[in-house]
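Text of upload01.csv, listed as CSV, C-alpha atoms:
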```csv
chain,number,residue,atom,x,y,z
F,113,LYS,CA,-61.5,-33.5,-1.8
F,114,THR,CA,-58.9,-34.6,0.6
F,115,ASN,CA,-60.1,-32.7,3.6
F,116,ARG,CA,-63.1,-34.4,5.3
F,117,THR,CA,-65.5,-32.6,7.7
F,118,MET,CA,-65.9,-34.1,11.2
F,119,ARG,CA,-69.3,-33.6,12.9
F,120,VAL,CA,-69.8,-36.1,15.8
F,121,SER,CA,-67.2,-38.9,16.4
F,122,ARG,CA,-68.8,-42.3,15.5
F,123,PHE,CA,-65.6,-44.3,15.9
F,124,ALA,CA,-64.6,-46.7,18.7
F,125,PRO,CA,-61.6,-49.1,19.2
F,126,CYS,CA,-62.1,-52.7,18.1
F,127,ALA,CA,-62.8,-54.9,21.0
F,128,ALA,CA,-60.9,-57.9,19.6
F,129,SER,CA,-57.4,-58.5,21.1
F,130,THR,CA,-55.7,-60.6,18.4
F,131,SER,CA,-52.7,-59.1,16.5
F,132,ARG,CA,-54.8,-58.8,13.4
F,133,SER,CA,-57.3,-56.5,15.0
F,134,LYS,CA,-55.3,-54.8,17.7
F,135,GLY,CA,-55.4,-51.0,17.1
F,136,CYS,CA,-58.2,-51.2,14.6
F,137,VAL,CA,-61.3,-49.0,14.8
F,138,HIS,CA,-64.7,-49.7,13.5
F,139,VAL,CA,-67.5,-47.3,12.5
F,140,VAL,CA,-70.6,-47.2,14.7
F,141,MET,CA,-73.4,-45.8,12.6
F,142,ALA,CA,-77.0,-44.9,13.4
F,143,SER,CA,-79.1,-46.6,10.6
F,144,ASP,CA,-81.2,-43.5,10.0
F,145,VAL,CA,-78.2,-41.1,9.6
F,146,PRO,CA,-76.4,-41.0,6.3
F,147,PRO,CA,-72.6,-41.4,6.5
F,148,THR,CA,-70.4,-38.3,6.3
F,149,SER,CA,-67.5,-38.2,3.8
F,150,LEU,CA,-65.1,-39.0,6.7
F,151,GLU,CA,-67.1,-42.1,7.6
F,152,ARG,CA,-67.1,-43.3,4.0
F,153,SER,CA,-63.4,-42.7,3.8
F,154,VAL,CA,-62.7,-44.7,7.0
F,155,ARG,CA,-64.9,-47.5,5.9
F,156,LEU,CA,-63.0,-47.8,2.6
F,157,ALA,CA,-59.8,-47.8,4.5
F,158,GLN,CA,-61.1,-50.5,6.9
F,159,LYS,CA,-62.1,-52.6,3.9
F,160,ARG,CA,-58.7,-52.4,2.4
F,161,LEU,CA,-57.0,-53.1,5.7
F,162,GLY,CA,-59.3,-56.1,6.3
F,163,SER,CA,-58.4,-57.6,3.0
F,164,GLU,CA,-54.7,-57.2,3.7
F,165,LEU,CA,-55.0,-58.7,7.2
F,166,SER,CA,-56.9,-61.7,5.7
F,167,ARG,CA,-54.3,-62.2,3.0
F,168,LEU,CA,-51.3,-62.2,5.3
F,169,GLY,CA,-52.9,-64.2,8.2
F,170,GLU,CA,-52.1,-63.6,11.9
F,171,ALA,CA,-48.6,-65.1,11.7
F,172,GLY,CA,-47.8,-63.1,8.5
F,173,VAL,CA,-49.0,-59.9,10.1
F,174,ASP,CA,-46.8,-60.5,13.2
F,175,GLU,CA,-43.8,-61.3,11.0
F,176,ARG,CA,-44.3,-58.2,8.9
F,177,ILE,CA,-44.4,-55.9,11.9
F,178,ALA,CA,-41.4,-57.6,13.5
F,179,SER,CA,-39.4,-57.3,10.3
F,180,ALA,CA,-40.3,-53.6,10.1
F,181,SER,CA,-39.1,-53.1,13.7
F,182,ARG,CA,-35.7,-54.4,12.6
F,183,THR,CA,-35.4,-51.9,9.7
F,184,PRO,CA,-33.3,-48.8,10.6
F,185,PRO,CA,-35.5,-45.6,10.7
F,186,PRO,CA,-35.0,-42.9,8.1
F,187,ARG,CA,-32.3,-40.4,8.7
F,188,ALA,CA,-34.6,-37.4,8.1
F,189,SER,CA,-36.7,-36.2,11.0
F,190,PHE,CA,-39.8,-34.0,11.2
F,191,VAL,CA,-38.9,-32.7,14.6
F,192,SER,CA,-35.5,-31.7,13.3
F,193,ALA,CA,-36.9,-30.2,10.1
F,194,VAL,CA,-39.4,-28.1,12.1
F,195,GLU,CA,-36.9,-27.1,14.8
F,196,ARG,CA,-34.3,-25.9,12.3
F,197,ARG,CA,-36.9,-23.3,11.2
F,198,THR,CA,-38.4,-22.5,14.6
F,199,PHE,CA,-35.0,-21.9,16.2
F,200,GLY,CA,-34.5,-19.2,13.6
F,201,GLY,CA,-37.9,-17.6,14.3
F,202,GLN,CA,-39.4,-19.1,11.2
F,203,CYS,CA,-42.2,-21.5,10.3
F,204,ALA,CA,-41.5,-24.8,8.5
F,205,ILE,CA,-43.2,-25.7,5.2
F,206,VAL,CA,-44.5,-29.1,4.4
F,207,ALA,CA,-45.9,-29.7,0.8
F,208,GLU,CA,-48.6,-32.2,0.1
F,209,VAL,CA,-48.0,-33.9,-3.2
F,210,SER,CA,-49.6,-36.6,-5.4
F,211,ALA,CA,-49.3,-38.0,-8.8
F,212,GLY,CA,-52.2,-35.7,-9.9
F,213,SER,CA,-55.0,-38.3,-10.1
F,214,PRO,CA,-55.7,-41.8,-8.8
F,215,SER,CA,-54.8,-43.2,-12.3
F,216,ALA,CA,-51.7,-41.2,-12.9
F,217,PRO,CA,-48.3,-42.9,-13.1
F,218,ALA,CA,-46.5,-43.2,-9.7
F,219,TRP,CA,-43.4,-41.3,-10.9
F,220,HIS,CA,-45.6,-38.1,-11.3
F,221,ALA,CA,-45.6,-37.9,-7.5
F,222,VAL,CA,-41.8,-38.1,-7.4
F,223,GLU,CA,-41.6,-35.2,-9.9
F,224,ALA,CA,-44.1,-33.2,-7.8
F,225,ALA,CA,-42.1,-33.8,-4.6
F,226,GLU,CA,-38.8,-32.8,-6.2
F,227,GLN,CA,-40.3,-29.6,-7.5
F,228,CYS,CA,-41.6,-28.7,-4.1
F,229,VAL,CA,-38.2,-29.3,-2.4
F,230,GLU,CA,-36.4,-27.3,-5.0
F,231,GLY,CA,-39.0,-24.5,-4.3
F,232,GLY,CA,-38.1,-24.5,-0.6
F,233,ALA,CA,-40.3,-27.2,1.1
F,234,ASP,CA,-38.8,-28.6,4.3
F,235,ALA,CA,-40.8,-31.8,4.2
F,236,ILE,CA,-43.2,-33.7,2.0
F,237,ALA,CA,-46.6,-35.3,2.7
F,238,LEU,CA,-48.1,-37.9,0.5
F,239,ARG,CA,-51.8,-39.0,0.8
F,240,THR,CA,-52.1,-42.8,0.2
F,241,ASP,CA,-55.8,-43.4,0.9
F,242,LEU,CA,-57.7,-45.2,-1.9
F,243,GLU,CA,-59.8,-42.2,-2.8
F,244,SER,CA,-56.7,-40.1,-3.5
F,245,ASN,CA,-54.2,-42.7,-4.7
F,246,ALA,CA,-54.7,-46.0,-6.4
F,247,ASP,CA,-51.0,-47.0,-5.9
F,248,GLY,CA,-50.4,-45.3,-2.6
F,249,LEU,CA,-47.7,-47.5,-1.1
F,250,LEU,CA,-45.8,-47.7,-4.4
F,251,GLN,CA,-45.9,-43.9,-4.7
F,252,LEU,CA,-44.8,-43.6,-1.1
F,253,GLN,CA,-41.8,-45.9,-1.7
F,254,LEU,CA,-40.7,-44.0,-4.8
F,255,VAL,CA,-41.1,-40.5,-3.2
F,256,CYS,CA,-39.3,-41.7,0.0
F,257,ARG,CA,-36.4,-43.1,-2.1
F,258,ALA,CA,-36.1,-39.8,-4.0
F,259,MET,CA,-36.3,-37.7,-0.8
F,260,GLU,CA,-33.8,-39.8,1.1
F,261,ALA,CA,-30.9,-38.5,-1.0
F,262,ARG,CA,-32.0,-34.9,-0.1
F,263,ASN,CA,-32.5,-35.8,3.6
F,264,ILE,CA,-36.1,-34.6,3.4
F,265,PRO,CA,-38.6,-36.4,5.7
F,266,VAL,CA,-41.8,-37.8,4.1
F,267,LEU,CA,-45.2,-38.1,6.0
F,268,GLN,CA,-47.8,-40.6,5.0
F,269,LEU,CA,-51.3,-39.2,5.2
F,270,ASP,CA,-53.9,-42.0,5.5
F,271,TRP,CA,-56.4,-43.5,7.9
F,272,ILE,CA,-54.0,-45.4,10.2
F,273,MET,CA,-55.9,-48.0,12.3
F,274,HIS,CA,-53.4,-50.9,12.7
F,275,PRO,CA,-49.7,-51.5,13.3
F,276,LEU,CA,-49.5,-53.3,10.0
F,277,GLN,CA,-50.1,-50.0,8.2
F,278,VAL,CA,-47.3,-48.4,10.2
F,279,ALA,CA,-45.0,-51.2,9.3
F,280,GLN,CA,-45.9,-50.8,5.6
F,281,ALA,CA,-45.2,-47.0,5.8
F,282,LYS,CA,-41.8,-47.7,7.4
F,283,GLU,CA,-40.9,-50.3,4.8
F,284,ALA,CA,-41.7,-47.7,2.2
F,285,GLY,CA,-39.3,-45.3,3.8
F,286,ALA,CA,-41.7,-42.8,5.5
F,287,ALA,CA,-40.3,-40.9,8.5
F,288,GLY,CA,-43.8,-40.6,10.1
F,289,VAL,CA,-47.5,-41.2,9.8
F,290,GLN,CA,-50.5,-39.1,10.8
F,291,ILE,CA,-53.1,-40.5,13.2
F,292,VAL,CA,-56.5,-38.9,13.8
F,293,ALA,CA,-57.6,-38.8,17.4
F,294,SER,CA,-61.3,-38.4,16.5
F,295,VAL,CA,-61.1,-41.6,14.5
F,296,LEU,CA,-59.0,-43.7,16.9
F,297,GLY,CA,-60.5,-42.3,20.1
F,298,ASP,CA,-59.2,-44.2,23.1
F,299,GLY,CA,-57.1,-46.3,20.8
F,300,THR,CA,-54.9,-43.3,20.0
F,301,PRO,CA,-52.3,-43.9,22.8
F,302,ALA,CA,-51.7,-47.5,21.8
F,303,THR,CA,-51.4,-46.6,18.1
F,304,HIS,CA,-49.1,-43.7,19.0
F,305,ASP,CA,-46.9,-46.0,21.0
F,306,ALA,CA,-46.8,-48.6,18.2
F,307,ILE,CA,-45.5,-45.9,15.8
F,308,LEU,CA,-42.8,-44.9,18.2
F,309,GLN,CA,-41.8,-48.5,18.8
F,310,LEU,CA,-41.2,-48.9,15.1
F,311,GLY,CA,-38.9,-45.9,15.1
F,312,MET,CA,-41.2,-43.5,13.4
F,313,GLU,CA,-42.7,-40.1,14.2
F,314,PRO,CA,-46.5,-39.9,14.9
F,315,ILE,CA,-48.4,-36.7,14.2
F,316,VAL,CA,-51.7,-36.6,16.1
F,317,GLU,CA,-54.4,-34.7,14.4
F,318,VAL,CA,-56.9,-33.0,16.8
F,319,ILE,CA,-60.1,-31.1,16.3
F,320,ASN,CA,-61.3,-30.3,19.8
F,321,GLN,CA,-60.3,-30.3,23.5
F,322,LYS,CA,-61.3,-34.0,23.9
F,323,ASP,CA,-58.8,-34.9,21.2
F,324,LEU,CA,-56.1,-32.7,22.9
F,325,ASP,CA,-56.7,-34.5,26.2
F,326,ILE,CA,-56.3,-37.9,24.4
F,327,ALA,CA,-53.1,-36.7,22.6
F,328,GLU,CA,-51.6,-35.4,25.9
F,329,LYS,CA,-52.0,-38.9,27.4
F,330,CYS,CA,-49.7,-40.1,24.6
F,331,ASN,CA,-47.1,-37.4,25.5
F,332,ALA,CA,-47.4,-36.5,21.8
F,333,ARG,CA,-44.8,-34.0,20.5
F,334,LEU,CA,-46.3,-33.3,17.0
F,335,PHE,CA,-49.9,-32.1,16.7
F,336,GLY,CA,-51.8,-31.5,13.5
F,337,VAL,CA,-54.9,-29.4,12.8
F,338,HIS,CA,-56.8,-29.4,9.4
F,339,LEU,CA,-54.5,-32.0,7.9
F,340,SER,CA,-57.3,-34.5,6.9
F,341,VAL,CA,-60.3,-33.5,9.0
F,342,ALA,CA,-61.9,-30.1,8.7
F,343,LEU,CA,-63.8,-28.4,11.6
F,344,ALA,CA,-67.6,-28.5,11.0
F,345,LEU,CA,-68.2,-24.8,11.9
F,346,PRO,CA,-70.5,-22.4,10.2
F,347,ASN,CA,-67.9,-19.9,8.7
F,348,ALA,CA,-64.3,-19.2,8.2
F,349,GLU,CA,-64.1,-16.8,11.2
F,350,ALA,CA,-65.4,-19.5,13.5
F,351,ARG,CA,-62.9,-22.1,12.1
F,352,ASN,CA,-60.0,-19.6,12.5
F,353,LEU,CA,-61.0,-18.9,16.1
F,354,ALA,CA,-61.2,-22.7,16.8
F,355,THR,CA,-57.8,-23.2,15.2
F,356,LYS,CA,-56.3,-20.4,17.3
F,357,GLY,CA,-57.8,-21.9,20.4
F,358,LEU,CA,-56.4,-25.3,19.7
F,359,LEU,CA,-52.9,-23.9,19.2
F,360,GLN,CA,-53.1,-21.9,22.4
F,361,SER,CA,-54.1,-25.1,24.3
F,362,LEU,CA,-51.2,-27.3,23.1
F,363,PRO,CA,-48.8,-28.5,25.9
F,364,PHE,CA,-45.5,-26.8,26.4
F,365,GLY,CA,-42.9,-28.1,23.9
F,366,ALA,CA,-45.4,-29.3,21.4
F,367,LEU,CA,-44.9,-28.6,17.7
F,368,SER,CA,-48.0,-27.7,15.7
F,369,TRP,CA,-48.7,-28.5,12.0
F,370,ILE,CA,-51.6,-26.6,10.4
F,371,GLY,CA,-53.1,-27.5,7.1
F,372,VAL,CA,-53.8,-24.5,4.8
F,373,ALA,CA,-55.4,-24.3,1.4
F,374,SER,CA,-54.9,-20.6,0.6
F,375,MET,CA,-52.4,-17.8,1.2
F,376,ASP,CA,-54.9,-16.1,3.6
F,377,GLU,CA,-55.1,-19.3,5.7
F,378,ALA,CA,-51.3,-19.4,5.7
F,379,ARG,CA,-51.0,-15.9,7.0
F,380,LYS,CA,-53.5,-16.5,9.8
F,381,ALA,CA,-51.8,-19.8,10.8
F,382,ILE,CA,-48.5,-18.1,11.1
F,383,ALA,CA,-50.0,-15.3,13.1
F,384,TYR,CA,-51.5,-17.8,15.5
F,385,GLY,CA,-48.1,-19.3,16.1
F,386,ALA,CA,-48.0,-22.4,13.9
F,387,ASP,CA,-44.6,-24.2,13.9
F,388,ALA,CA,-45.2,-25.8,10.4
F,389,LEU,CA,-47.7,-25.2,7.6
F,390,LEU,CA,-48.9,-28.2,5.5
F,391,LEU,CA,-49.7,-26.7,2.1
F,392,LYS,CA,-52.6,-28.6,0.6
F,393,ARG,CA,-52.2,-30.0,-2.9
F,394,ASP,CA,-55.0,-27.9,-4.2
F,395,MET,CA,-53.3,-24.7,-3.1
F,396,LEU,CA,-50.2,-25.8,-5.0
F,397,VAL,CA,-51.7,-26.8,-8.3
F,398,LEU,CA,-55.1,-25.1,-8.8
F,399,GLY,CA,-54.0,-21.4,-8.7
F,400,SER,CA,-52.5,-19.2,-11.4
F,401,GLN,CA,-49.1,-19.2,-9.7
F,402,SER,CA,-46.4,-21.8,-10.2
F,403,VAL,CA,-45.5,-24.2,-7.4
F,404,THR,CA,-42.2,-22.4,-6.9
F,405,GLU,CA,-43.9,-18.9,-6.8
F,406,ILE,CA,-46.3,-20.2,-4.1
F,407,LEU,CA,-43.6,-21.7,-2.0
F,408,GLN,CA,-41.5,-18.6,-2.3
F,409,GLU,CA,-44.4,-16.4,-1.1
F,410,VAL,CA,-45.2,-18.7,1.8
F,411,ARG,CA,-41.5,-18.8,2.7
F,412,TYR,CA,-41.5,-15.0,2.8
F,413,LEU,CA,-44.5,-15.0,5.1
F,414,ALA,CA,-43.0,-17.7,7.2
F,415,SER,CA,-39.7,-15.8,7.6
F,416,GLY,CA,-41.5,-13.3,9.9
F,417,ASP,CA,-40.5,-10.4,7.8
F,418,ASP,CA,-44.1,-9.7,6.5
```

Re-express the file's structure as structure tokens.
Amino acid sequence: KTNRTMRVSRFAPCAASTSRSKGCVHVVMASDVPPTSLERSVRLAQKRLGSELSRLGEAGVDERIASASRTPPPRASFVSAVERRTFGGQCAIVAEVSAGSPSAPAWHAVEAAEQCVEGGADAIALRTDLESNADGLLQLQLVCRAMEARNIPVLQLDWIMHPLQVAQAKEAGAAGVQIVASVLGDGTPATHDAILQLGMEPIVEVINQKDLDIAEKCNARLFGVHLSVALALPNAEARNLATKGLLQSLPFGALSWIGVASMDEARKAIAYGADALLLKRDMLVLGSQSVTEILQEVRYLASGDD
């Protein structure tokens, strides 16, 4: 599963101040409490990040980030893609794609992205964490290259904890990356700023008022709910009410992205005032409808004519 459940935040910014660790987070675990799926995912991401930082060395990391800062940003923009729809009283549609399995060829992700765009998606999201994607950065590069010709922005979904990861996403051609406030905690503003400094768009995922307060300190424009972290609430009704409450608490001028895994969730998110829907991959591939049929139905709902 790509959506992890957050219970209590167990993450804190790294104390080290070197370029290799700046912006990192580490997991603080009680020894008698088994890790959640989210904690396991973040630990795996930290391990991969640590290996890459060690391989490059401090000077190599600094040069990689500096090089990415000199690279022109992608032409496509998430803010523009969403506002094109919201100005017309509609909701933007973002499709989450993958190659189909961690071992599938990378070009499968390109085919999936092209199919979604032809079906009406306004933007593409690609999950690159190791649990979902063995060749994440390669797939990201190929998808971004294909979407550039269509002027479609691509979002990287991963556990971003260091500017090096942002630099890699930019080198691959992504327009933006998602950061999770409950994972980064007080490190969220610095990470948000690092993304902006590299000419990319950050989407801050929030699950509660504390996260919202942190995101507002960043002057964040794009807010996400249910993108990678699910709310640990007892039933669907409670989760819906929490989602509605988060949307109503967003600052003026914010653009909201809501992850949905069913048509019913899409209807509710639109009713709550979501500016963009991120259609989870399972919604697009596990049902009896084709991807095009699903996108067309969501587009009808998002048009405001329902």

Taking all atoms listed in the file into account, which of F:Val206, F:Leu389, F:Leu254, F:Val337 comes nearest Ala221 of chain F? F:Leu254

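The two atoms in question, atom CA of Ala171 of chain F and atom CA of Val266 of chain F, are spaced 29.1 Å apart.
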
Residues at most 9 Å from Ile319 of chain F, counting all atoms listed in the file, excluding those fewer than 4 positions away in the same chain, as a list in words? Met118, Val292, Ala293, Ser294, Asp323, Leu324, Gly336, Val337, His338, Val341, Ala342, Leu343, Ala354, Thr355 and Leu358 of chain F

Per residue of segment 258-287 of chain F within 9 Å of segment 152-158 of chain F, record the nearest atom pair and its distance in Å to one decimal, counting all atoms listed in the file, with rows in chain order and ascending residue number, as a Markdown table.
```
| residue | atom | partner | partner_atom | distance |
| --- | --- | --- | --- | --- |
| F:Asp270 | CA | F:Ala157 | CA | 8.3 |
| F:Trp271 | CA | F:Ala157 | CA | 6.5 |
| F:Ile272 | CA | F:Ala157 | CA | 8.5 |
| F:Met273 | CA | F:Gln158 | CA | 7.9 |
```

Taking 5 positions as the minimum chain separation for residues in the same chain, which residues sit within 10 Å of segment 371-388 of chain F when counting all atoms listed in the file? Answer as a PyMOL selection string. chain F and resi 115+190+193-195+197-198+201-208+234-235+334-342+348+352-353+355-360+366+393-396+399+406+409-410+413-416+418

Nearest residue to Leu367 of chain F out of F:Ser400, F:Leu407, F:Val191, F:Val229, using only C-alpha atoms?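 Using only C-alpha atoms, the shortest distance to Leu367 of chain F belongs to F:Val191.
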